[in-house]
Structures are given as C-alpha cells and as structure tokens.
$ cat target32.cif   # mmCIF, C-alpha atoms
data_query
#
loop_
_atom_site.label_atom_id
_atom_site.label_comp_id
_atom_site.auth_asym_id
_atom_site.auth_seq_id
_atom_site.Cartn_x
_atom_site.Cartn_y
_atom_site.Cartn_z
CA MET M 1 -72.68 -108.97 -62.60
CA ASN M 2 -70.16 -110.87 -64.75
CA GLU M 3 -69.57 -114.61 -64.69
CA GLN M 4 -66.73 -114.40 -62.19
CA GLU M 5 -68.79 -112.29 -59.81
CA LEU M 6 -71.67 -114.72 -60.19
CA HIS M 7 -69.42 -117.66 -59.32
CA GLY M 8 -68.12 -115.73 -56.33
CA LEU M 9 -71.65 -115.09 -55.17
CA VAL M 10 -72.62 -118.74 -55.62
CA ASP M 11 -69.51 -119.86 -53.73
CA ALA M 12 -70.26 -117.42 -50.94
CA VAL M 13 -73.81 -118.64 -50.64
CA LEU M 14 -72.88 -122.32 -50.87
CA GLY M 15 -69.93 -121.84 -48.53
CA ARG M 16 -72.27 -120.51 -45.86
CA LEU M 17 -74.55 -123.49 -46.06
CA PHE M 18 -72.90 -126.65 -47.30
CA VAL M 19 -70.41 -129.12 -45.83
CA GLU M 20 -69.02 -132.16 -47.63
CA ILE M 21 -70.27 -135.48 -46.28
CA GLU M 22 -67.92 -138.35 -45.51
CA ALA M 23 -68.92 -141.92 -44.71
CA SER M 24 -66.86 -143.52 -41.95
CA GLY M 25 -66.46 -147.26 -42.36
CA ARG M 26 -65.94 -149.47 -39.33
CA HIS M 27 -62.61 -148.70 -37.69
CA VAL M 28 -60.62 -149.01 -34.50
CA HIS M 29 -58.59 -146.64 -32.33
CA VAL M 30 -55.94 -148.12 -30.03
CA THR M 31 -53.57 -146.94 -27.31
CA LYS M 32 -49.80 -147.10 -27.74
CA GLU M 33 -49.70 -150.12 -25.44
CA GLN M 34 -52.47 -151.85 -27.40
CA ALA M 35 -50.63 -151.16 -30.69
CA LEU M 36 -47.53 -152.85 -29.30
CA ARG M 37 -49.52 -155.88 -28.17
CA LEU M 38 -51.46 -156.15 -31.43
CA PHE M 39 -48.69 -155.42 -33.93
CA GLY M 40 -45.40 -155.50 -32.01
CA HIS M 41 -44.75 -151.87 -32.95
CA PRO M 42 -46.49 -148.46 -32.98
CA LEU M 43 -48.97 -147.61 -35.75
CA THR M 44 -47.38 -146.64 -39.07
CA PRO M 45 -49.18 -144.09 -41.31
CA LYS M 46 -50.42 -145.27 -44.70
CA ARG M 47 -52.24 -142.10 -45.78
CA PRO M 48 -53.64 -138.96 -44.14
CA LEU M 49 -57.37 -138.61 -43.41
CA SER M 50 -59.46 -135.49 -43.97
CA GLN M 51 -59.00 -134.37 -40.35
CA PRO M 52 -55.52 -132.81 -39.93
CA GLY M 53 -53.04 -135.08 -38.14
CA GLN M 54 -55.25 -138.17 -38.37
CA PHE M 55 -54.15 -141.06 -40.54
CA LEU M 56 -55.12 -144.48 -41.82
CA SER M 57 -52.47 -146.88 -40.58
CA ASN M 58 -50.93 -149.81 -42.42
CA GLU M 59 -52.08 -152.02 -39.57
CA ARG M 60 -55.31 -154.02 -39.65
CA VAL M 61 -57.20 -155.94 -36.97
CA THR M 62 -59.95 -158.51 -36.67
CA ILE M 63 -62.86 -157.53 -34.40
CA LEU M 64 -64.37 -160.56 -32.67
CA GLY M 65 -67.83 -160.56 -31.11
CA PRO M 66 -70.06 -163.29 -29.68
CA LYS M 67 -71.93 -163.82 -32.96
CA GLY M 68 -69.45 -162.86 -35.67
CA GLU M 69 -66.26 -161.14 -36.65
CA PHE M 70 -64.92 -158.58 -39.09
CA GLN M 71 -61.49 -159.12 -40.56
CA ASN M 72 -59.10 -156.60 -42.05
CA VAL M 73 -60.59 -153.62 -40.16
CA ALA M 74 -58.90 -150.20 -40.48
CA VAL M 75 -56.92 -148.87 -37.52
CA LEU M 76 -56.76 -145.08 -37.38
CA GLY M 77 -53.88 -143.13 -35.86
CA PRO M 78 -52.37 -141.53 -34.00
CA GLU M 79 -52.79 -143.67 -30.91
CA ARG M 80 -55.30 -142.46 -28.31
CA LYS M 81 -55.66 -142.58 -24.55
CA GLU M 82 -58.30 -145.28 -24.80
CA GLY M 83 -59.11 -148.00 -27.31
CA GLN M 84 -62.38 -147.62 -29.26
CA VAL M 85 -64.25 -149.60 -31.90
CA GLU M 86 -66.59 -147.63 -34.17
CA ILE M 87 -69.13 -149.70 -36.05
CA SER M 88 -72.56 -149.28 -37.59
CA LEU M 89 -75.62 -150.76 -35.90
CA THR M 90 -75.75 -153.23 -38.80
CA ASP M 91 -72.21 -154.30 -37.87
CA ALA M 92 -73.24 -154.45 -34.20
CA ARG M 93 -75.93 -156.97 -35.11
CA THR M 94 -73.45 -159.08 -37.07
CA LEU M 95 -70.96 -159.10 -34.17
CA GLY M 96 -73.66 -159.70 -31.57
CA ILE M 97 -72.55 -156.63 -29.61
CA ASP M 98 -75.21 -154.18 -28.42
CA ALA M 99 -73.26 -151.02 -29.31
CA PRO M 100 -74.84 -147.78 -28.11
CA VAL M 101 -74.86 -144.57 -30.15
CA ARG M 102 -72.19 -142.37 -28.55
CA MET M 103 -69.92 -139.46 -29.34
CA SER M 104 -66.39 -140.63 -30.07
CA GLY M 105 -64.40 -140.74 -26.82
CA ASN M 106 -67.48 -141.19 -24.62
CA VAL M 107 -67.10 -144.90 -23.93
CA SER M 108 -67.95 -145.36 -20.24
CA ASN M 109 -70.29 -148.30 -19.72
CA THR M 110 -70.11 -149.49 -23.33
CA PRO M 111 -69.53 -153.11 -24.34
CA GLY M 112 -66.10 -154.48 -25.22
CA ALA M 113 -64.72 -156.78 -27.90
CA ILE M 114 -61.66 -158.83 -28.74
CA LEU M 115 -59.17 -157.32 -31.19
CA SER M 116 -56.72 -159.58 -32.99
CA GLY M 117 -53.64 -158.23 -34.79
CA SER M 118 -50.58 -159.64 -36.54
CA HIS M 119 -48.66 -159.92 -33.25
CA GLY M 120 -51.26 -160.61 -30.59
CA GLN M 121 -54.70 -160.04 -29.15
CA VAL M 122 -56.24 -157.37 -26.93
CA ALA M 123 -59.44 -157.78 -24.89
CA LEU M 124 -61.02 -154.33 -25.00
CA PRO M 125 -63.08 -154.07 -21.79
CA GLN M 126 -65.25 -151.30 -23.26
CA GLY M 127 -65.31 -148.90 -26.22
CA VAL M 128 -67.57 -150.49 -28.85
CA ILE M 129 -69.89 -147.73 -30.10
CA ALA M 130 -71.90 -146.57 -33.08
CA ALA M 131 -70.50 -143.07 -33.55
CA ARG M 132 -73.09 -140.36 -33.16
CA ARG M 133 -73.33 -138.40 -36.39
CA HIS M 134 -71.41 -135.15 -36.22
CA ILE M 135 -70.00 -132.23 -38.13
CA HIS M 136 -66.37 -131.15 -37.82
CA LEU M 137 -65.89 -127.41 -38.23
CA PRO M 138 -62.96 -125.07 -37.75
CA PRO M 139 -63.89 -121.99 -35.66
CA GLU M 140 -64.08 -119.64 -38.67
CA ASP M 141 -66.64 -121.89 -40.40
CA ALA M 142 -68.61 -122.27 -37.17
CA VAL M 143 -68.88 -118.49 -37.00
CA ARG M 144 -70.00 -118.29 -40.62
CA PHE M 145 -72.56 -121.07 -40.07
CA GLY M 146 -73.74 -119.45 -36.84
CA VAL M 147 -73.23 -122.62 -34.80
CA LYS M 148 -71.22 -123.48 -31.70
CA ASP M 149 -69.29 -126.44 -30.34
CA LYS M 150 -71.63 -129.19 -29.03
CA GLN M 151 -74.66 -127.58 -30.69
CA VAL M 152 -77.16 -130.10 -32.02
CA VAL M 153 -78.44 -129.29 -35.50
CA ARG M 154 -80.36 -130.80 -38.38
CA LEU M 155 -78.53 -131.60 -41.58
CA ARG M 156 -80.11 -132.19 -44.99
CA ALA M 157 -78.17 -134.64 -47.11
CA PHE M 158 -78.29 -133.70 -50.81
CA THR M 159 -78.08 -137.28 -51.95
CA GLU M 160 -79.86 -139.88 -54.08
CA ARG M 161 -82.23 -140.75 -51.23
CA PRO M 162 -82.41 -137.37 -49.52
CA VAL M 163 -82.72 -137.36 -45.76
CA VAL M 164 -82.78 -134.73 -43.03
CA PHE M 165 -80.65 -136.09 -40.21
CA GLU M 166 -81.70 -134.67 -36.87
CA ASP M 167 -79.62 -134.84 -33.71
CA VAL M 168 -76.32 -134.04 -35.46
CA VAL M 169 -73.64 -132.74 -33.10
CA VAL M 170 -71.40 -129.86 -34.16
CA ARG M 171 -67.79 -130.12 -33.05
CA VAL M 172 -65.60 -127.06 -33.38
CA SER M 173 -61.81 -127.04 -33.13
CA PRO M 174 -58.90 -125.30 -34.86
CA ASP M 175 -57.65 -128.86 -35.54
CA PHE M 176 -60.69 -129.70 -37.68
CA ALA M 177 -61.39 -129.52 -41.39
CA PRO M 178 -65.06 -129.06 -42.33
CA ALA M 179 -66.74 -132.46 -42.80
CA VAL M 180 -69.97 -134.26 -41.92
CA HIS M 181 -69.27 -137.74 -40.59
CA LEU M 182 -71.92 -140.42 -41.08
CA ASP M 183 -71.62 -144.15 -40.54
CA TYR M 184 -72.45 -146.60 -43.32
CA ASP M 185 -76.02 -147.20 -42.17
CA GLU M 186 -76.64 -143.48 -42.43
CA ALA M 187 -74.68 -143.13 -45.66
CA ASN M 188 -76.63 -145.97 -47.28
CA ALA M 189 -79.95 -144.75 -45.90
CA CYS M 190 -79.44 -141.50 -47.84
CA GLY M 191 -77.79 -143.08 -50.89
CA PHE M 192 -74.57 -141.16 -50.26
CA ARG M 193 -71.90 -140.98 -52.93
CA LYS M 194 -68.47 -139.42 -52.55
CA GLY M 195 -68.66 -135.67 -53.02
CA ASP M 196 -72.27 -135.30 -51.83
CA LEU M 197 -72.99 -132.27 -49.69
CA GLY M 198 -75.03 -131.62 -46.58
CA ARG M 199 -76.65 -128.40 -45.48
CA ILE M 200 -76.99 -127.32 -41.87
CA MET M 201 -80.67 -126.50 -41.48
CA PRO M 202 -81.73 -123.27 -39.82
CA MET I 1 -113.37 -133.49 -20.96
CA ASN I 2 -113.01 -136.76 -19.04
CA GLU I 3 -110.10 -139.19 -19.36
CA GLN I 4 -111.84 -141.33 -21.96
CA GLU I 5 -112.63 -138.32 -24.12
CA LEU I 6 -109.05 -137.14 -23.79
CA HIS I 7 -107.76 -140.53 -24.93
CA GLY I 8 -110.19 -140.44 -27.83
CA LEU I 9 -108.95 -137.01 -28.83
CA VAL I 10 -105.32 -138.11 -28.58
CA ASP I 11 -106.07 -141.21 -30.66
CA ALA I 12 -107.87 -139.12 -33.25
CA VAL I 13 -104.97 -136.69 -33.52
CA LEU I 14 -102.34 -139.41 -33.57
CA GLY I 15 -104.36 -141.50 -35.98
CA ARG I 16 -104.36 -138.68 -38.49
CA LEU I 17 -100.63 -138.26 -38.39
CA PHE I 18 -98.76 -141.37 -37.34
CA VAL I 19 -98.04 -144.70 -38.99
CA GLU I 20 -96.15 -147.56 -37.39
CA ILE I 21 -92.71 -148.18 -38.85
CA GLU I 22 -91.54 -151.66 -39.80
CA ALA I 23 -87.99 -152.64 -40.74
CA SER I 24 -87.80 -155.12 -43.60
CA GLY I 25 -84.84 -157.45 -43.39
CA ARG I 26 -83.33 -158.91 -46.52
CA HIS I 27 -85.78 -161.25 -48.21
CA VAL I 28 -86.67 -162.96 -51.44
CA HIS I 29 -89.80 -163.35 -53.57
CA VAL I 30 -90.03 -166.24 -55.99
CA THR I 31 -92.33 -167.51 -58.73
CA LYS I 32 -94.20 -170.80 -58.40
CA GLU I 33 -91.76 -172.38 -60.83
CA GLN I 34 -88.77 -171.06 -58.88
CA ALA I 35 -90.23 -172.38 -55.62
CA LEU I 36 -90.50 -175.84 -57.16
CA ARG I 37 -86.90 -175.72 -58.36
CA LEU I 38 -85.56 -174.36 -55.06
CA PHE I 39 -87.60 -176.44 -52.62
CA GLY I 40 -89.30 -179.20 -54.61
CA HIS I 41 -92.72 -177.86 -53.54
CA PRO I 42 -94.67 -174.58 -53.31
CA LEU I 43 -94.01 -172.15 -50.44
CA THR I 44 -95.58 -173.13 -47.12
CA PRO I 45 -96.73 -170.37 -44.71
CA LYS I 46 -94.96 -170.09 -41.35
CA ARG I 47 -96.67 -166.92 -40.09
CA PRO I 48 -98.63 -164.01 -41.55
CA LEU I 49 -96.97 -160.63 -42.16
CA SER I 50 -98.51 -157.24 -41.40
CA GLN I 51 -99.77 -156.87 -44.96
CA PRO I 52 -102.94 -158.97 -45.41
CA GLY I 53 -102.39 -162.19 -47.38
CA GLN I 54 -98.59 -161.95 -47.24
CA PHE I 55 -96.67 -164.52 -45.23
CA LEU I 56 -93.23 -165.55 -44.08
CA SER I 57 -92.64 -169.02 -45.49
CA ASN I 58 -90.93 -171.95 -43.84
CA GLU I 59 -88.52 -172.01 -46.76
CA ARG I 60 -85.11 -170.35 -46.68
CA VAL I 61 -82.54 -169.63 -49.38
CA THR I 62 -78.92 -168.65 -49.72
CA ILE I 63 -78.26 -165.57 -51.88
CA LEU I 64 -74.93 -165.82 -53.70
CA GLY I 65 -73.13 -162.81 -55.16
CA PRO I 66 -69.67 -162.31 -56.67
CA LYS I 67 -68.16 -161.15 -53.36
CA GLY I 68 -70.22 -162.86 -50.67
CA GLU I 69 -73.35 -164.68 -49.70
CA PHE I 70 -76.18 -164.59 -47.19
CA GLN I 71 -77.49 -167.85 -45.83
CA ASN I 72 -80.86 -168.60 -44.29
CA VAL I 73 -82.64 -165.68 -46.01
CA ALA I 74 -86.41 -165.32 -45.58
CA VAL I 75 -88.67 -166.15 -48.52
CA LEU I 76 -91.97 -164.30 -48.50
CA GLY I 77 -95.17 -165.62 -50.00
CA PRO I 78 -97.40 -165.98 -51.82
CA GLU I 79 -95.43 -166.59 -54.98
CA ARG I 80 -95.19 -163.72 -57.46
CA LYS I 81 -95.01 -163.32 -61.22
CA GLU I 82 -91.31 -162.51 -61.02
CA GLY I 83 -88.50 -163.37 -58.61
CA GLN I 84 -87.05 -160.51 -56.58
CA VAL I 85 -84.31 -160.08 -53.98
CA GLU I 86 -84.69 -157.15 -51.57
CA ILE I 87 -81.52 -156.19 -49.72
CA SER I 88 -80.03 -153.12 -48.07
CA LEU I 89 -77.21 -151.23 -49.76
CA THR I 90 -74.96 -152.56 -46.97
CA ASP I 91 -75.96 -156.08 -48.04
CA ALA I 92 -75.37 -155.13 -51.68
CA ARG I 93 -71.78 -154.22 -50.83
CA THR I 94 -71.27 -157.55 -49.02
CA LEU I 95 -72.66 -159.52 -51.96
CA GLY I 96 -70.77 -157.45 -54.54
CA ILE I 97 -74.01 -156.69 -56.38
CA ASP I 98 -74.71 -153.07 -57.39
CA ALA I 99 -78.39 -153.08 -56.39
CA PRO I 100 -80.32 -149.97 -57.43
CA VAL I 101 -82.99 -148.35 -55.25
CA ARG I 102 -86.31 -149.39 -56.80
CA MET I 103 -89.94 -149.80 -55.95
CA SER I 104 -90.80 -153.45 -55.35
CA GLY I 105 -91.85 -155.05 -58.64
CA ASN I 106 -89.90 -152.59 -60.79
CA VAL I 107 -86.98 -154.83 -61.65
CA SER I 108 -86.23 -154.18 -65.33
CA ASN I 109 -82.51 -153.72 -65.93
CA THR I 110 -81.51 -154.67 -62.39
CA PRO I 111 -78.72 -157.13 -61.55
CA GLY I 112 -79.35 -160.81 -60.83
CA ALA I 113 -78.07 -163.31 -58.29
CA ILE I 114 -77.94 -167.02 -57.62
CA LEU I 115 -80.47 -168.44 -55.17
CA SER I 116 -79.83 -171.78 -53.54
CA GLY I 117 -82.54 -173.77 -51.76
CA SER I 118 -82.93 -177.19 -50.16
CA HIS I 119 -83.81 -178.80 -53.49
CA GLY I 120 -81.90 -176.85 -56.12
CA GLN I 121 -80.59 -173.56 -57.45
CA VAL I 122 -82.09 -170.75 -59.51
CA ALA I 123 -80.12 -168.16 -61.46
CA LEU I 124 -82.19 -165.02 -61.15
CA PRO I 125 -81.40 -162.99 -64.30
CA GLN I 126 -82.56 -159.75 -62.66
CA GLY I 127 -84.47 -158.56 -59.59
CA VAL I 128 -81.87 -157.60 -56.98
CA ILE I 129 -82.94 -154.24 -55.56
CA ALA I 130 -82.80 -152.05 -52.49
CA ALA I 131 -86.49 -151.41 -51.89
CA ARG I 132 -87.41 -147.76 -52.10
CA ARG I 133 -88.88 -146.68 -48.77
CA HIS I 134 -92.65 -146.58 -48.85
CA ILE I 135 -95.83 -146.32 -46.85
CA HIS I 136 -98.67 -148.82 -47.19
CA LEU I 137 -102.07 -147.28 -46.64
CA PRO I 138 -105.63 -148.51 -47.08
CA PRO I 139 -107.80 -146.00 -48.98
CA GLU I 140 -109.62 -144.72 -45.87
CA ASP I 141 -106.31 -143.83 -44.18
CA ALA I 142 -105.02 -142.21 -47.37
CA VAL I 143 -108.10 -139.98 -47.37
CA ARG I 144 -107.58 -139.09 -43.70
CA PHE I 145 -103.89 -138.35 -44.30
CA GLY I 146 -104.70 -136.35 -47.43
CA VAL I 147 -102.33 -138.37 -49.63
CA LYS I 148 -102.75 -140.38 -52.83
CA ASP I 149 -101.31 -143.52 -54.36
CA LYS I 150 -97.78 -142.92 -55.75
CA GLN I 151 -97.49 -139.57 -53.95
CA VAL I 152 -93.99 -138.84 -52.68
CA VAL I 153 -93.92 -137.49 -49.12
CA ARG I 154 -91.54 -136.79 -46.26
CA LEU I 155 -91.75 -138.91 -43.15
CA ARG I 156 -90.33 -138.05 -39.75
CA ALA I 157 -89.22 -141.07 -37.78
CA PHE I 158 -89.85 -140.64 -34.05
CA THR I 159 -86.90 -142.77 -33.08
CA GLU I 160 -83.71 -142.71 -31.02
CA ARG I 161 -81.79 -141.02 -33.83
CA PRO I 162 -84.61 -139.01 -35.39
CA VAL I 163 -84.54 -138.57 -39.14
CA VAL I 164 -86.81 -137.03 -41.74
CA PHE I 165 -86.86 -139.41 -44.68
CA GLU I 166 -87.61 -137.61 -47.92
CA ASP I 167 -88.64 -139.33 -51.13
CA VAL I 168 -91.00 -141.80 -49.44
CA VAL I 169 -93.59 -143.27 -51.79
CA VAL I 170 -97.18 -143.70 -50.65
CA ARG I 171 -98.90 -146.84 -51.88
CA VAL I 172 -102.66 -147.11 -51.47
CA SER I 173 -104.68 -150.30 -51.81
CA PRO I 174 -107.65 -151.93 -50.09
CA ASP I 175 -105.28 -154.90 -49.60
CA PHE I 176 -102.90 -152.87 -47.41
CA ALA I 177 -102.60 -152.36 -43.67
CA PRO I 178 -100.99 -149.05 -42.63
CA ALA I 179 -97.21 -149.43 -42.27
CA VAL I 180 -94.01 -147.60 -43.16
CA HIS I 181 -91.46 -149.97 -44.66
CA LEU I 182 -87.78 -149.14 -44.22
CA ASP I 183 -84.78 -151.34 -44.93
CA TYR I 184 -82.21 -152.06 -42.24
CA ASP I 185 -79.84 -149.28 -43.32
CA GLU I 186 -82.66 -146.82 -42.89
CA ALA I 187 -83.92 -148.44 -39.69
CA ASN I 188 -80.44 -148.35 -38.15
CA ALA I 189 -79.76 -144.83 -39.39
CA CYS I 190 -82.71 -143.64 -37.31
CA GLY I 191 -82.17 -146.02 -34.39
CA PHE I 192 -85.52 -147.72 -35.02
CA ARG I 193 -87.01 -150.01 -32.43
CA LYS I 194 -90.15 -152.08 -32.81
CA GLY I 195 -93.23 -149.96 -32.17
CA ASP I 196 -91.66 -146.65 -33.23
CA LEU I 197 -93.91 -144.33 -35.22
CA GLY I 198 -93.45 -142.13 -38.25
CA ARG I 199 -95.36 -139.00 -39.17
CA ILE I 200 -96.19 -137.99 -42.70
CA MET I 201 -94.96 -134.41 -42.97
CA PRO I 202 -97.20 -131.76 -44.45
#

$ encode --input "target32.cif" --output "structure tokens"
Amino acid sequence: MNEQELHGLVDAVLGRLFVEIEASGRHVHVTKEQALRLFGHPLTPKRPLSQPGQFLSNERVTILGPKGEFQNVAVLGPERKEGQVEISLTDARTLGIDAPVRMSGNVSNTPGAILSGSHGQVALPQGVIAARRHIHLPPEDAVRFGVKDKQVVRLRAFTERPVVFEDVVVRVSPDFAPAVHLDYDEANACGFRKGDLGRIMP
Amino acid sequence: MNEQELHGLVDAVLGRLFVEIEASGRHVHVTKEQALRLFGHPLTPKRPLSQPGQFLSNERVTILGPKGEFQNVAVLGPERKEGQVEISLTDARTLGIDAPVRMSGNVSNTPGAILSGSHGQVALPQGVIAARRHIHLPPEDAVRFGVKDKQVVRLRAFTERPVVFEDVVVRVSPDFAPAVHLDYDEANACGFRKGDLGRIMP
C-alpha cells in the first residue's frame, strides 16, 4: 500500500465514523412579521452558516428575562414560521427563564421572553429552549453511518476534556451538511475547540 | 428475601457503584493575608460544605477580568496557602480570562484576576482555573470502588441529559466525603439536578 492508498484508507475509515462538532452560541429565530417589528425590514444575510441556506443576519436583538438580559444576540435566517430563542442552561439561569431542553421547532408549552431590536420590541409568548444536542446528516452519510432520522445515538467528543454525550438526536435531510451541534455548556464541558471531531458510537 | 433484605441488597449494589454529584458554582479561595486585605478580618463560616472542615463563608467578592466581572462570588474557607479562583469556561469567556482546566491547587502559570472585597482589593497574580472534574472518596470507598488516588476514570451521569464524563480524577483522603464535583458547564451539559448520581465506569 503506498502513501496515497494509505491516506485513502484512513479517510474512508474516518469518514465512516467522524463528524465535525460545532458549538452553537445563543441565538434567535424570528418570523417575517417579527423581523419587521424588530428591525423595520426583513433579515439581511451577513454570512452563510454551515447548514445550506441558513445564514447569520446583520440584525441583532436583546433578549430580556425576569432576572437578566443578553445584548447583541445573533439572529439567524431565513425567517421561520415561529419565533424561537436558543440558549444554554447557563444562559437560562442568567435570564431567569426555566428553558426546557427541546428539539428546535418543538416549542409548545415553553416559556417566552421579550426581544428588543433596533426598530421595536416583540413579546415572544413561547419558544425559549435549550436546544437538544443533535447531529445533522445528509442521507448518504446517514446510510454510511448506519443511522436514521430521529435515531438517538451516543457521540464521543474527541476534545480536551473528552465526553461521551448520550441522548444525541440524528436528523437526516438532503438540506443538511454533516455537523454535530452542541450548545456552549456542552462545548465547554468537553473543552471543545474549532475543528474537533465527534464519533457516533456503535 | 424480605423487603428489608431487598433494600439492603439494593443499597449494597448501589453503594458500590454510585456517588452523588455536586455542581460547584464559581468560587474563590484566599490566603489569611488576602482575607485581611479583602475583608479586614479572617473568613467567618456561614455553613459547612459537603467536604468535612470546608465551609461557605459569609464573605463575598467581586472577580474582575478584562472583559467583565462577577459580583457577589462565594468565598470558601478555611483559608489556603494560595489564592485561587474556580470558574467555568463560560465564566472565563465572560471575564475575558483564558482559564486553563487544572486540578485545584495546581495554579503555576495560570492567569490572575482582581478580587474586590468589602475592605479592599487584591491583585491575584495567578490562580484562575476551571477545576478539572474529580471525585472525592474516603479510603474505604476507594477500596470498595477499586480505584486509587489520582486514578483517572470515566463517570456516567444519571441525569436528564446523560453523559459519560471521561478524564475524571479520583482523589482519596480520610478528610473526604464521597462526592463528584462538576462545574456548571458540565452540570448543565448533563442536565444535572440536585440528588443526581454518577457511576464510576469499569
């Protein structure tokens, strides 16, 4: 086996097992109507995110809770059907909002918050969650990994403070790029640094 | 086997495997001299902590970093030979201090911070760390668990968001009560609630 073949073999093996980890900071999703009320105009893209079609907007909001606030919080686009605030449980404590751990989009019976933008304010009646950790996979990678949409797996983080995260939800869609999404509590708990990889455990 | 015997068996099995988890919030240790400068008097005990002889003091400090500060931070007693600030990596980001993950007491070549108390300020030249996760065990429990002082083990947290923490250091001393100590990043990453248990993994 020459060096090129060896690299190919290593890539094949690693490709079957590893997914790059990304740490999601606190952020907000808004509806078109909420964007108009907060900013006076629709969201404007600043730069694309790892998931195709998703972008970081130029717009920023303040999240206000009973015990504290976070200023200058990222708003991700495009606009959605329902507003949502994704924070860590550490953030939840700071805000004084008892955010449950939920999959993105599953916001029934969750607490709300006040959002304040450059143009106005929005009282979000619900939608404040700590995002449940998950893995985005396109269908071809899901097949290679031997996992299915909504499957719950364990993921070992190859990081400074290694951790095996259990209860990680796999999400499969042709719209996805492969990525593990952790919040900052999880990222810090494993000592994550950009570029670190996770392995789906058998 | 009657009910009492069953309970005894369960306790025996659980006792061999499980240790109660505790989440350590940000806190500070100071020397006697630093206590005098910060408060004008030695630390005064407010209530005992789980580890014998250790106490939460009535005294509180502000930790000041280049990017932020934390007010009303707990000071633990008794006084130590060297000052130390234990924060989460989330806190480190807020303060703007690049705290390394270290065992408590191992503070050489770590960053410092300013502490401000009711009586005065102290410039801590070093000692700001994120405490490496660890398990306190008295010698008899260490024998039962089959682990030794300084051994590195894995620990499964039986929590809402279950996690296997790797790289957990066992510390054994007759002065210790059994307890797993996590910081708030780690506690939140596993959805810890008071009373949750961890199991040392074989």

$ residues_around --input "target32.cif" --residues "Lys67 in chain M" --least-positions-apart "6" --cutoff "10 Å" --atoms "all atoms listed in the file" --output "compact mmCIF listing (two decimals) with C-alpha atoms, in the frame of the given file"
# COMPACT_ATOMS: atom_id res chain seq x y z
CA ALA M 92 -73.24 -154.45 -34.20
CA ARG M 93 -75.93 -156.97 -35.11
CA THR M 94 -73.45 -159.08 -37.07
CA LEU M 95 -70.96 -159.10 -34.17
CA GLY M 96 -73.66 -159.70 -31.57
CA ILE M 97 -72.55 -156.63 -29.61

$ resolve_selection --input "target32.cif" --expression "the PyMOL selection byres ((chain M and resi 112-119) around 12)" --output "number ranges by chain"
M: 27-30, 34-43, 58-75, 83-87, 92, 95-100, 107-111, 120-129

$ resolve_selection --input "target32.cif" --expression "the PyMOL selection byres ((chain M and resi 144-147) around 8)" --output "list in words"
Arg16, Leu17, Glu140, Asp141, Ala142, Val143, Lys148, Asp149, Gln151, Val170 and Ile200 of chain M

$ interface_residues --input "target32.cif" --of "chain M" --to "chain I" --cutoff "7 Å" --atoms "all atoms listed in the file" --output "list in words"
Leu89, Thr90, Arg161, Pro162, Val163, Val164, Phe165, Glu166, Asp167, Asp185, Glu186, Asn188 and Ala189 of chain M

$ atom_distance --input "target32.cif" --atom1 "CA of Val169 in chain M" --atom2 "CA of Leu76 in chain M"
21.3 Å

$ atom_distance --input "target32.cif" --atom1 "CA of Thr44 in chain M" --atom2 "CA of Glu79 in chain M"
10.2 Å

$ atom_distance --input "target32.cif" --atom1 "CA of Glu20 in chain M" --atom2 "CA of Val180 in chain M"
6.2 Å

$ closest_residue --input "target32.cif" --among "M:Gln54, M:His134, M:Ser24, M:Phe176" --to "Gly198 in chain M" --atoms "only C-alpha atoms"
M:His134

$ closest_residue --input "target32.cif" --among "I:Lys150, I:Lys194, I:Arg199, I:His136" --to "His181 in chain I" --atoms "all atoms listed in the file"
I:His136

$ decode --input "target32.cif" --residues "range 163-175 of chain M" --atoms "N, CA and C atoms" --output "JSON list (two decimals), in the first residue's frame"
[["chain", "number", "residue", "atom", "x", "y", "z"],
["M", 163, "VAL", "N", -15.70, 13.58, 26.37],
["M", 163, "VAL", "CA", -17.02, 13.26, 26.92],
["M", 163, "VAL", "C", -17.75, 12.37, 25.92],
["M", 164, "VAL", "N", -18.53, 11.43, 26.43],
["M", 164, "VAL", "CA", -19.48, 10.72, 25.58],
["M", 164, "VAL", "C", -20.86, 11.32, 25.85],
["M", 165, "PHE", "N", -21.38, 12.04, 24.87],
["M", 165, "PHE", "CA", -22.72, 12.59, 25.01],
["M", 165, "PHE", "C", -23.72, 11.50, 24.64],
["M", 166, "GLU", "N", -24.62, 11.19, 25.57],
["M", 166, "GLU", "CA", -25.71, 10.28, 25.24],
["M", 166, "GLU", "C", -26.91, 11.12, 24.81],
["M", 167, "ASP", "N", -27.94, 10.44, 24.33],
["M", 167, "ASP", "CA", -29.18, 11.13, 24.01],
["M", 167, "ASP", "C", -28.97, 12.22, 22.94],
["M", 168, "VAL", "N", -28.21, 11.87, 21.90],
["M", 168, "VAL", "CA", -27.98, 12.80, 20.79],
["M", 168, "VAL", "C", -28.89, 12.38, 19.64],
["M", 169, "VAL", "N", -29.67, 13.32, 19.13],
["M", 169, "VAL", "CA", -30.65, 13.00, 18.10],
["M", 169, "VAL", "C", -30.03, 13.19, 16.71],
["M", 170, "VAL", "N", -30.22, 12.18, 15.87],
["M", 170, "VAL", "CA", -29.77, 12.28, 14.47],
["M", 170, "VAL", "C", -30.90, 12.90, 13.64],
["M", 171, "ARG", "N", -30.53, 13.88, 12.84],
["M", 171, "ARG", "CA", -31.51, 14.47, 11.92],
["M", 171, "ARG", "C", -30.98, 14.34, 10.50],
["M", 172, "VAL", "N", -31.77, 13.75, 9.65],
["M", 172, "VAL", "CA", -31.33, 13.46, 8.28],
["M", 172, "VAL", "C", -32.17, 14.25, 7.29],
["M", 173, "SER", "N", -31.52, 14.95, 6.38],
["M", 173, "SER", "CA", -32.23, 15.69, 5.34],
["M", 173, "SER", "C", -31.25, 15.98, 4.20],
["M", 174, "PRO", "N", -31.75, 15.97, 2.97],
["M", 174, "PRO", "CA", -30.90, 16.37, 1.84],
["M", 174, "PRO", "C", -30.42, 17.82, 1.98],
["M", 175, "ASP", "N", -31.11, 18.61, 2.83],
["M", 175, "ASP", "CA", -30.72, 20.02, 3.02],
["M", 175, "ASP", "C", -29.59, 20.18, 4.02]]
